[in-house]
Structures are given as C-alpha cells and as structure tokens.
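K.L.:
This is the content of coords-v9.cif (mmCIF, C-alpha atoms):
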```cif
data_upload
#
loop_
_atom_site.group_PDB
_atom_site.id
_atom_site.type_symbol
_atom_site.label_atom_id
_atom_site.label_comp_id
_atom_site.auth_asym_id
_atom_site.auth_seq_id
_atom_site.Cartn_x
_atom_site.Cartn_y
_atom_site.Cartn_z
ATOM 1 C CA MET F 1 3.856 9.338 -42.735
ATOM 2 C CA ASN F 2 4.450 9.375 -38.983
ATOM 3 C CA VAL F 3 4.658 12.370 -36.644
ATOM 4 C CA LYS F 4 8.478 12.364 -36.630
ATOM 5 C CA GLN F 5 8.506 12.612 -40.420
ATOM 6 C CA LEU F 6 5.816 15.288 -40.406
ATOM 7 C CA PHE F 7 7.862 17.539 -38.097
ATOM 8 C CA ASP F 8 11.335 16.554 -39.314
ATOM 9 C CA LEU F 9 13.720 19.537 -39.287
ATOM 10 C CA THR F 10 16.897 17.671 -40.190
ATOM 11 C CA GLY F 11 19.345 20.030 -41.861
ATOM 12 C CA ARG F 12 17.337 23.155 -41.040
ATOM 13 C CA VAL F 13 18.915 26.035 -39.092
ATOM 14 C CA ALA F 14 17.082 27.879 -36.324
ATOM 15 C CA ILE F 15 18.056 31.008 -34.416
ATOM 16 C CA VAL F 16 16.453 31.312 -30.976
ATOM 17 C CA THR F 17 16.814 34.669 -29.240
ATOM 18 C CA GLY F 18 16.782 34.335 -25.485
ATOM 19 C CA GLY F 19 17.525 30.684 -26.195
ATOM 20 C CA SER F 20 19.775 29.919 -23.258
ATOM 21 C CA ILE F 21 17.217 29.546 -20.449
ATOM 22 C CA GLY F 22 13.514 29.235 -19.780
ATOM 23 C CA LEU F 23 11.043 28.952 -22.638
ATOM 24 C CA GLY F 24 13.698 29.771 -25.236
ATOM 25 C CA ARG F 25 15.794 26.857 -24.060
ATOM 26 C CA GLN F 26 12.767 24.555 -24.171
ATOM 27 C CA MET F 27 11.892 25.654 -27.697
ATOM 28 C CA ALA F 28 15.505 25.124 -28.766
ATOM 29 C CA GLU F 29 15.410 21.628 -27.297
ATOM 30 C CA GLY F 30 12.230 20.825 -29.215
ATOM 31 C CA LEU F 31 13.818 22.031 -32.446
ATOM 32 C CA ALA F 32 16.945 19.976 -31.745
ATOM 33 C CA GLU F 33 14.868 16.872 -31.032
ATOM 34 C CA MET F 34 13.412 17.273 -34.522
ATOM 35 C CA GLY F 35 16.901 17.620 -36.037
ATOM 36 C CA ALA F 36 17.363 21.383 -36.443
ATOM 37 C CA ASN F 37 20.817 22.885 -36.005
ATOM 38 C CA LEU F 38 20.702 25.750 -33.533
ATOM 39 C CA VAL F 39 22.024 29.218 -32.971
ATOM 40 C CA LEU F 40 21.364 30.296 -29.405
ATOM 41 C CA CYS F 41 21.811 33.950 -28.590
ATOM 42 C CA ALA F 42 21.237 35.981 -25.462
ATOM 43 C CA ARG F 43 22.957 38.729 -23.520
ATOM 44 C CA LYS F 44 24.863 36.220 -21.371
ATOM 45 C CA LYS F 45 27.061 34.162 -23.677
ATOM 46 C CA GLU F 46 28.101 31.738 -20.923
ATOM 47 C CA ARG F 47 24.489 30.564 -20.579
ATOM 48 C CA CYS F 48 24.286 30.102 -24.349
ATOM 49 C CA LEU F 49 27.504 28.070 -24.319
ATOM 50 C CA GLN F 50 26.143 25.744 -21.628
ATOM 51 C CA ALA F 51 22.809 25.293 -23.398
ATOM 52 C CA ALA F 52 24.533 24.688 -26.745
ATOM 53 C CA GLU F 53 26.802 22.059 -25.200
ATOM 54 C CA ASP F 54 23.809 20.283 -23.668
ATOM 55 C CA LEU F 55 21.807 20.387 -26.901
ATOM 56 C CA GLN F 56 24.686 18.992 -28.981
ATOM 57 C CA LYS F 57 24.059 15.730 -27.136
ATOM 58 C CA LEU F 58 20.878 15.458 -29.218
ATOM 59 C CA GLY F 59 23.042 15.110 -32.329
ATOM 60 C CA VAL F 60 22.722 18.603 -33.775
ATOM 61 C CA LYS F 61 25.246 21.344 -34.465
ATOM 62 C CA THR F 62 25.040 24.433 -32.295
ATOM 63 C CA LEU F 63 26.439 27.939 -32.166
ATOM 64 C CA ALA F 64 26.328 30.064 -29.008
ATOM 65 C CA LEU F 65 26.571 33.843 -29.332
ATOM 66 C CA ALA F 66 26.181 36.899 -27.150
ATOM 67 C CA CYS F 67 23.539 39.274 -28.448
ATOM 68 C CA ASP F 68 21.587 42.192 -27.062
ATOM 69 C CA VAL F 69 18.569 42.450 -29.365
ATOM 70 C CA LYS F 70 18.443 46.196 -28.721
ATOM 71 C CA ASN F 71 21.763 46.508 -30.562
ATOM 72 C CA PRO F 72 21.547 46.270 -34.386
ATOM 73 C CA ALA F 73 25.289 45.515 -34.629
ATOM 74 C CA ASP F 74 24.866 42.470 -32.343
ATOM 75 C CA ILE F 75 21.993 41.222 -34.487
ATOM 76 C CA HIS F 76 24.020 41.530 -37.676
ATOM 77 C CA LEU F 77 26.912 39.666 -36.046
ATOM 78 C CA VAL F 78 24.551 36.791 -35.185
ATOM 79 C CA VAL F 79 23.122 36.690 -38.708
ATOM 80 C CA ASP F 80 26.588 36.858 -40.291
ATOM 81 C CA ALA F 81 27.991 34.159 -37.975
ATOM 82 C CA THR F 82 24.984 31.923 -38.683
ATOM 83 C CA MET F 83 25.434 32.280 -42.428
ATOM 84 C CA ALA F 84 29.194 31.675 -42.141
ATOM 85 C CA GLN F 85 28.666 28.528 -40.024
ATOM 86 C CA PHE F 86 25.574 27.045 -41.671
ATOM 87 C CA GLY F 87 24.991 28.890 -44.955
ATOM 88 C CA ARG F 88 21.269 29.314 -44.316
ATOM 89 C CA ILE F 89 18.618 30.433 -41.828
ATOM 90 C CA ASP F 90 15.318 28.570 -41.905
ATOM 91 C CA ILE F 91 13.696 29.546 -38.617
ATOM 92 C CA LEU F 92 13.871 32.582 -36.343
ATOM 93 C CA ILE F 93 12.216 32.467 -32.959
ATOM 94 C CA ASN F 94 12.025 35.967 -31.481
ATOM 95 C CA ASN F 95 11.808 34.960 -27.849
ATOM 96 C CA ALA F 96 14.048 37.500 -26.072
ATOM 97 C CA GLY F 97 11.985 39.756 -23.862
ATOM 98 C CA THR F 98 11.877 41.692 -20.655
ATOM 99 C CA SER F 99 9.326 43.299 -18.360
ATOM 100 C CA TRP F 100 9.200 45.853 -15.617
ATOM 101 C CA GLY F 101 8.110 44.261 -12.363
ATOM 102 C CA ALA F 102 7.116 47.276 -10.318
ATOM 103 C CA PRO F 103 4.122 49.577 -10.021
ATOM 104 C CA VAL F 104 3.545 51.333 -13.328
ATOM 105 C CA GLU F 105 3.219 54.691 -11.618
ATOM 106 C CA GLU F 106 6.851 54.322 -10.469
ATOM 107 C CA MET F 107 8.216 53.281 -13.869
ATOM 108 C CA ARG F 108 10.771 55.705 -15.249
ATOM 109 C CA LEU F 109 10.978 56.446 -18.960
ATOM 110 C CA GLU F 110 14.311 54.633 -19.349
ATOM 111 C CA HIS F 111 12.714 51.442 -17.985
ATOM 112 C CA TRP F 112 9.790 51.801 -20.395
ATOM 113 C CA ASN F 113 12.225 52.335 -23.266
ATOM 114 C CA LYS F 114 14.184 49.200 -22.303
ATOM 115 C CA VAL F 115 11.007 47.100 -22.428
ATOM 116 C CA ILE F 116 9.903 48.569 -25.768
ATOM 117 C CA GLU F 117 13.378 48.344 -27.320
ATOM 118 C CA THR F 118 13.796 44.721 -26.246
ATOM 119 C CA ASN F 119 10.314 43.361 -26.860
ATOM 120 C CA LEU F 120 9.294 45.322 -29.949
ATOM 121 C CA THR F 121 12.275 46.969 -31.592
ATOM 122 C CA GLY F 122 14.493 43.906 -31.080
ATOM 123 C CA THR F 123 11.859 41.690 -32.661
ATOM 124 C CA PHE F 124 11.564 44.062 -35.617
ATOM 125 C CA LEU F 125 15.336 44.378 -36.116
ATOM 126 C CA PHE F 126 15.970 40.619 -35.928
ATOM 127 C CA SER F 127 13.045 39.884 -38.254
ATOM 128 C CA GLN F 128 14.290 42.470 -40.725
ATOM 129 C CA ALA F 129 17.861 41.115 -40.747
ATOM 130 C CA VAL F 130 16.814 37.464 -41.016
ATOM 131 C CA GLY F 131 13.988 38.297 -43.407
ATOM 132 C CA LYS F 132 16.499 39.562 -45.947
ATOM 133 C CA ILE F 133 18.183 36.143 -45.884
ATOM 134 C CA MET F 134 14.876 34.299 -46.094
ATOM 135 C CA ILE F 135 13.704 36.377 -49.058
ATOM 136 C CA GLY F 136 16.880 35.370 -50.897
ATOM 137 C CA GLN F 137 16.298 31.728 -49.970
ATOM 138 C CA ARG F 138 12.619 32.039 -50.949
ATOM 139 C CA ARG F 139 11.637 30.305 -47.709
ATOM 140 C CA GLY F 140 11.747 30.625 -43.946
ATOM 141 C CA LYS F 141 9.637 30.958 -40.829
ATOM 142 C CA ILE F 142 9.657 33.737 -38.234
ATOM 143 C CA ILE F 143 7.911 32.990 -34.952
ATOM 144 C CA ASN F 144 7.322 35.824 -32.480
ATOM 145 C CA ILE F 145 6.756 34.901 -28.844
ATOM 146 C CA ALA F 146 4.707 37.207 -26.620
ATOM 147 C CA SER F 147 3.291 37.116 -23.131
ATOM 148 C CA VAL F 148 -0.398 36.602 -22.529
ATOM 149 C CA ALA F 149 -0.059 39.771 -20.432
ATOM 150 C CA GLY F 150 0.120 41.577 -23.774
ATOM 151 C CA LEU F 151 -3.420 40.448 -24.505
ATOM 152 C CA HIS F 152 -5.119 40.928 -21.148
ATOM 153 C CA GLY F 153 -2.703 42.781 -18.908
ATOM 154 C CA ALA F 154 -1.297 41.467 -15.690
ATOM 155 C CA PRO F 155 -3.206 40.953 -12.458
ATOM 156 C CA PRO F 156 -2.670 43.771 -9.913
ATOM 157 C CA GLU F 157 -0.416 41.651 -7.696
ATOM 158 C CA PHE F 158 2.019 41.130 -10.603
ATOM 159 C CA GLN F 159 2.444 44.875 -11.182
ATOM 160 C CA ALA F 160 3.863 44.664 -14.688
ATOM 161 C CA ILE F 161 3.189 46.489 -17.902
#
```
Could you write out this file's structure as structure tokens?
P.N.:
Amino acid sequence: MNVKQLFDLTGRVAIVTGGSIGLGRQMAEGLAEMGANLVLCARKKERCLQAAEDLQKLGVKTLALACDVKNPADIHLVVDATMAQFGRIDILINNAGTSWGAPVEEMRLEHWNKVIETNLTGTFLFSQAVGKIMIGQRRGKIINIASVAGLHGAPPEFQAI
C-alpha cells in the first residue's frame, strides 16, 4: 500500500468551517487532493464560492455556503444542504474562529462573547449537528482546530486573549 492509498478519501464528504481562506482553505485543498468532496462554509459566501471553484479543478465536487457558526439556524442549513447534495458527512473540520486583537483591559463584554460564541459555542453546535448524522452512519471524524495561544497565551506585543 502506498501513501496515496493510505490517505485516500475518494467519495468521502468533508465540511470545513472557515474553509474559504487561510488555514481552512489549505486544509480543504489537502482533503480535495486526497479525493474528498467538500462543503466550504464561512460568513462571506463569495469567498467560499471562489475557493470552491478553484478546488473543483482538483476533480472533486464542492458546495459553497454562507454560515455564521454562532447561528444554529445557519449550521442546520449547512448540514441539511450537505445531506441533500451528498447524502453523507464523513469529516467535519471546525476551523472557524476569531480573536480580539487589543489590550484585554479594553475588551468589552460583547467582544468577549463574540470570541466565545464563535470559537467554543460554534464548535459545539456544529459538532452536535454533524454528530447526529455521524451516529446514524456509525462513522465519522470531527477535527477541532485551535490556536497555540489557547495553550500558552499570546506574547504581550500580540495583545490577544
């Protein structure tokens, strides 16, 4: 068995939150290179559409959707659209995230809540919705992406929490 066979994802379906740019886009490209069909979702649908169009060139099917992971209705629309298009969900990458790039002592509660709702609650809600599908399928993988700043904190010049 070669490496391509070992990591073959042909016919699998992956949802990547925050999948239109940055690390999410790179992870989506890696999945596509291994044959996975993709659902890219982020707040800005136009970015998802562009990424999906680019990734189709790798020979996979793609779906681009707008989704704010803080909104349970958006999450359910993504899950429902994925099931309607592909009939399965094999992989969820919870990559959508945000931070507050200012001194912590100046952070207002609404900014804190946005970070928590995006990074934690959004991950929980998406995992819960997709997990229900995966339980029924009796298989699936959920991968949660986090910043190393969550382990050690950020250096003082970064001023993030």
K.L.:
At most 12 Å from (19.7, 26.5, -44.6), file frame, only C-alpha atoms: which residues, as a PDB file with C-alpha atoms, in the frame of the given file?
P.N.:
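Final file, result32.pdb:
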```
ATOM      1  CA  LEU F   9      13.720  19.537 -39.287  1.00  0.00           C
ATOM      2  CA  THR F  10      16.897  17.671 -40.190  1.00  0.00           C
ATOM      3  CA  GLY F  11      19.345  20.030 -41.861  1.00  0.00           C
ATOM      4  CA  ARG F  12      17.337  23.155 -41.040  1.00  0.00           C
ATOM      5  CA  VAL F  13      18.915  26.035 -39.092  1.00  0.00           C
ATOM      6  CA  ALA F  14      17.082  27.879 -36.324  1.00  0.00           C
ATOM      7  CA  ILE F  15      18.056  31.008 -34.416  1.00  0.00           C
ATOM      8  CA  ALA F  36      17.363  21.383 -36.443  1.00  0.00           C
ATOM      9  CA  ASN F  37      20.817  22.885 -36.005  1.00  0.00           C
ATOM     10  CA  LEU F  38      20.702  25.750 -33.533  1.00  0.00           C
ATOM     11  CA  THR F  82      24.984  31.923 -38.683  1.00  0.00           C
ATOM     12  CA  MET F  83      25.434  32.280 -42.428  1.00  0.00           C
ATOM     13  CA  ALA F  84      29.194  31.675 -42.141  1.00  0.00           C
ATOM     14  CA  GLN F  85      28.666  28.528 -40.024  1.00  0.00           C
ATOM     15  CA  PHE F  86      25.574  27.045 -41.671  1.00  0.00           C
ATOM     16  CA  GLY F  87      24.991  28.890 -44.955  1.00  0.00           C
ATOM     17  CA  ARG F  88      21.269  29.314 -44.316  1.00  0.00           C
ATOM     18  CA  ILE F  89      18.618  30.433 -41.828  1.00  0.00           C
ATOM     19  CA  ASP F  90      15.318  28.570 -41.905  1.00  0.00           C
ATOM     20  CA  ILE F  91      13.696  29.546 -38.617  1.00  0.00           C
ATOM     21  CA  LEU F  92      13.871  32.582 -36.343  1.00  0.00           C
ATOM     22  CA  VAL F 130      16.814  37.464 -41.016  1.00  0.00           C
ATOM     23  CA  ILE F 133      18.183  36.143 -45.884  1.00  0.00           C
ATOM     24  CA  MET F 134      14.876  34.299 -46.094  1.00  0.00           C
ATOM     25  CA  GLY F 136      16.880  35.370 -50.897  1.00  0.00           C
ATOM     26  CA  GLN F 137      16.298  31.728 -49.970  1.00  0.00           C
ATOM     27  CA  ARG F 138      12.619  32.039 -50.949  1.00  0.00           C
ATOM     28  CA  ARG F 139      11.637  30.305 -47.709  1.00  0.00           C
ATOM     29  CA  GLY F 140      11.747  30.625 -43.946  1.00  0.00           C
ATOM     30  CA  LYS F 141       9.637  30.958 -40.829  1.00  0.00           C
TER      31      LYS F 141
END
```
K.L.:
Starting from the shown file, work through the PyMOL selection byres ((chain F and resi 119) around 12) and note down what comes out as a CSV table (one decimal) with C-alpha atoms, keeping the file's coordinate frame.
P.N.:
```csv
chain,number,residue,atom,x,y,z
F,17,THR,CA,16.8,34.7,-29.2
F,18,GLY,CA,16.8,34.3,-25.5
F,68,ASP,CA,21.6,42.2,-27.1
F,69,VAL,CA,18.6,42.4,-29.4
F,70,LYS,CA,18.4,46.2,-28.7
F,94,ASN,CA,12.0,36.0,-31.5
F,95,ASN,CA,11.8,35.0,-27.8
F,96,ALA,CA,14.0,37.5,-26.1
F,97,GLY,CA,12.0,39.8,-23.9
F,98,THR,CA,11.9,41.7,-20.7
F,99,SER,CA,9.3,43.3,-18.4
F,100,TRP,CA,9.2,45.9,-15.6
F,112,TRP,CA,9.8,51.8,-20.4
F,113,ASN,CA,12.2,52.3,-23.3
F,114,LYS,CA,14.2,49.2,-22.3
F,115,VAL,CA,11.0,47.1,-22.4
F,116,ILE,CA,9.9,48.6,-25.8
F,117,GLU,CA,13.4,48.3,-27.3
F,118,THR,CA,13.8,44.7,-26.2
F,120,LEU,CA,9.3,45.3,-29.9
F,121,THR,CA,12.3,47.0,-31.6
F,122,GLY,CA,14.5,43.9,-31.1
F,123,THR,CA,11.9,41.7,-32.7
F,124,PHE,CA,11.6,44.1,-35.6
F,125,LEU,CA,15.3,44.4,-36.1
F,126,PHE,CA,16.0,40.6,-35.9
F,144,ASN,CA,7.3,35.8,-32.5
F,145,ILE,CA,6.8,34.9,-28.8
F,146,ALA,CA,4.7,37.2,-26.6
F,147,SER,CA,3.3,37.1,-23.1
F,150,GLY,CA,0.1,41.6,-23.8
F,161,ILE,CA,3.2,46.5,-17.9
```
K.L.:
Taking the file above as input, evaluate the PyMOL selection byres ((chain F and resi 55) around 10) and report the hits as a PyMOL selection string.
P.N.:
chain F and resi 25+28-33+37-38+49-54+56-62
K.L.:
How many Å separate CA of Ala42 (chain F) from CA of Ala64 (chain F)?
P.N.:
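The value is 8.6 Å.
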K.L.:
What does the structure give for the distance between CA of Gly24 (chain F) and CA of Val79 (chain F), in Å to one decimal?
P.N.:
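Interatomic distance here is 17.8 Å.
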K.L.:
Take every atom of region 9-20 of chain F listed in the file, pad by 6 Å on each side, and give me the axis-aligned box centre and edge lengths in Å, one decimal, as AutoDock Vina command-line options.
P.N.:
```
--center_x 16.7 --center_y 26.2 --center_z -32.6 --size_x 18.1 --size_y 29.0 --size_z 30.6
```
K.L.:
Distance CA of Pro103 (chain F)-CA of Leu151 (chain F), one decimal place?
P.N.:
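Calculated distance between CA of Pro103 (chain F) and CA of Leu151 (chain F) is 18.7 Å.
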K.L.:
Which one is closest to Val78 (chain F): F:Ile135, F:Leu109, F:Ile143, F:Leu40? Count only C-alpha atoms.
P.N.:
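Nearest candidate to Val78 (chain F) out of F:Ile135, F:Leu109, F:Ile143, F:Leu40: F:Leu40.
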K.L.:
Could you check the closest approach to Ala81 (chain F) for each of F:Arg43, F:Leu63, F:Glu106, F:His111 and tell me which residue wins, using only C-alpha atoms?
P.N.:
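Looking at the shortest contact to Ala81 (chain F), the residue is F:Leu63.
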K.L.:
Place N, CA and C atoms on region 22-42 of chain F and deliver the coordinates as a CSV table (one decimal), in the frame of the given file.
P.N.:
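Written out: result25.csv:
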```csv
chain,number,residue,atom,x,y,z
F,22,GLY,N,15.0,29.1,-19.8
F,22,GLY,CA,13.5,29.2,-19.8
F,22,GLY,C,12.8,28.7,-21.0
F,23,LEU,N,11.8,29.4,-21.5
F,23,LEU,CA,11.0,29.0,-22.6
F,23,LEU,C,11.9,28.9,-23.9
F,24,GLY,N,12.8,29.8,-24.1
F,24,GLY,CA,13.7,29.8,-25.2
F,24,GLY,C,14.5,28.5,-25.3
F,25,ARG,N,15.0,28.1,-24.1
F,25,ARG,CA,15.8,26.9,-24.1
F,25,ARG,C,14.9,25.7,-24.4
F,26,GLN,N,13.7,25.7,-23.9
F,26,GLN,CA,12.8,24.6,-24.2
F,26,GLN,C,12.4,24.5,-25.6
F,27,MET,N,12.2,25.6,-26.3
F,27,MET,CA,11.9,25.7,-27.7
F,27,MET,C,13.1,25.2,-28.5
F,28,ALA,N,14.3,25.6,-28.1
F,28,ALA,CA,15.5,25.1,-28.8
F,28,ALA,C,15.6,23.6,-28.6
F,29,GLU,N,15.3,23.1,-27.5
F,29,GLU,CA,15.4,21.6,-27.3
F,29,GLU,C,14.4,20.9,-28.2
F,30,GLY,N,13.2,21.4,-28.3
F,30,GLY,CA,12.2,20.8,-29.2
F,30,GLY,C,12.7,20.8,-30.7
F,31,LEU,N,13.3,21.9,-31.1
F,31,LEU,CA,13.8,22.0,-32.4
F,31,LEU,C,14.9,21.0,-32.7
F,32,ALA,N,15.8,20.9,-31.7
F,32,ALA,CA,16.9,20.0,-31.7
F,32,ALA,C,16.4,18.5,-31.8
F,33,GLU,N,15.4,18.2,-31.0
F,33,GLU,CA,14.9,16.9,-31.0
F,33,GLU,C,14.3,16.5,-32.4
F,34,MET,N,13.9,17.5,-33.2
F,34,MET,CA,13.4,17.3,-34.5
F,34,MET,C,14.5,17.4,-35.6
F,35,GLY,N,15.8,17.6,-35.1
F,35,GLY,CA,16.9,17.6,-36.0
F,35,GLY,C,17.4,19.0,-36.5
F,36,ALA,N,16.9,20.1,-36.0
F,36,ALA,CA,17.4,21.4,-36.4
F,36,ALA,C,18.7,21.7,-35.8
F,37,ASN,N,19.6,22.3,-36.6
F,37,ASN,CA,20.8,22.9,-36.0
F,37,ASN,C,20.4,24.2,-35.4
F,38,LEU,N,21.1,24.6,-34.3
F,38,LEU,CA,20.7,25.8,-33.5
F,38,LEU,C,21.7,26.8,-33.4
F,39,VAL,N,21.2,28.1,-33.4
F,39,VAL,CA,22.0,29.2,-33.0
F,39,VAL,C,21.3,29.8,-31.8
F,40,LEU,N,21.9,29.8,-30.6
F,40,LEU,CA,21.4,30.3,-29.4
F,40,LEU,C,22.0,31.6,-29.1
F,41,CYS,N,21.2,32.7,-28.9
F,41,CYS,CA,21.8,34.0,-28.6
F,41,CYS,C,21.0,34.6,-27.4
F,42,ALA,N,21.8,35.3,-26.6
F,42,ALA,CA,21.2,36.0,-25.5
F,42,ALA,C,22.3,36.9,-25.0
```
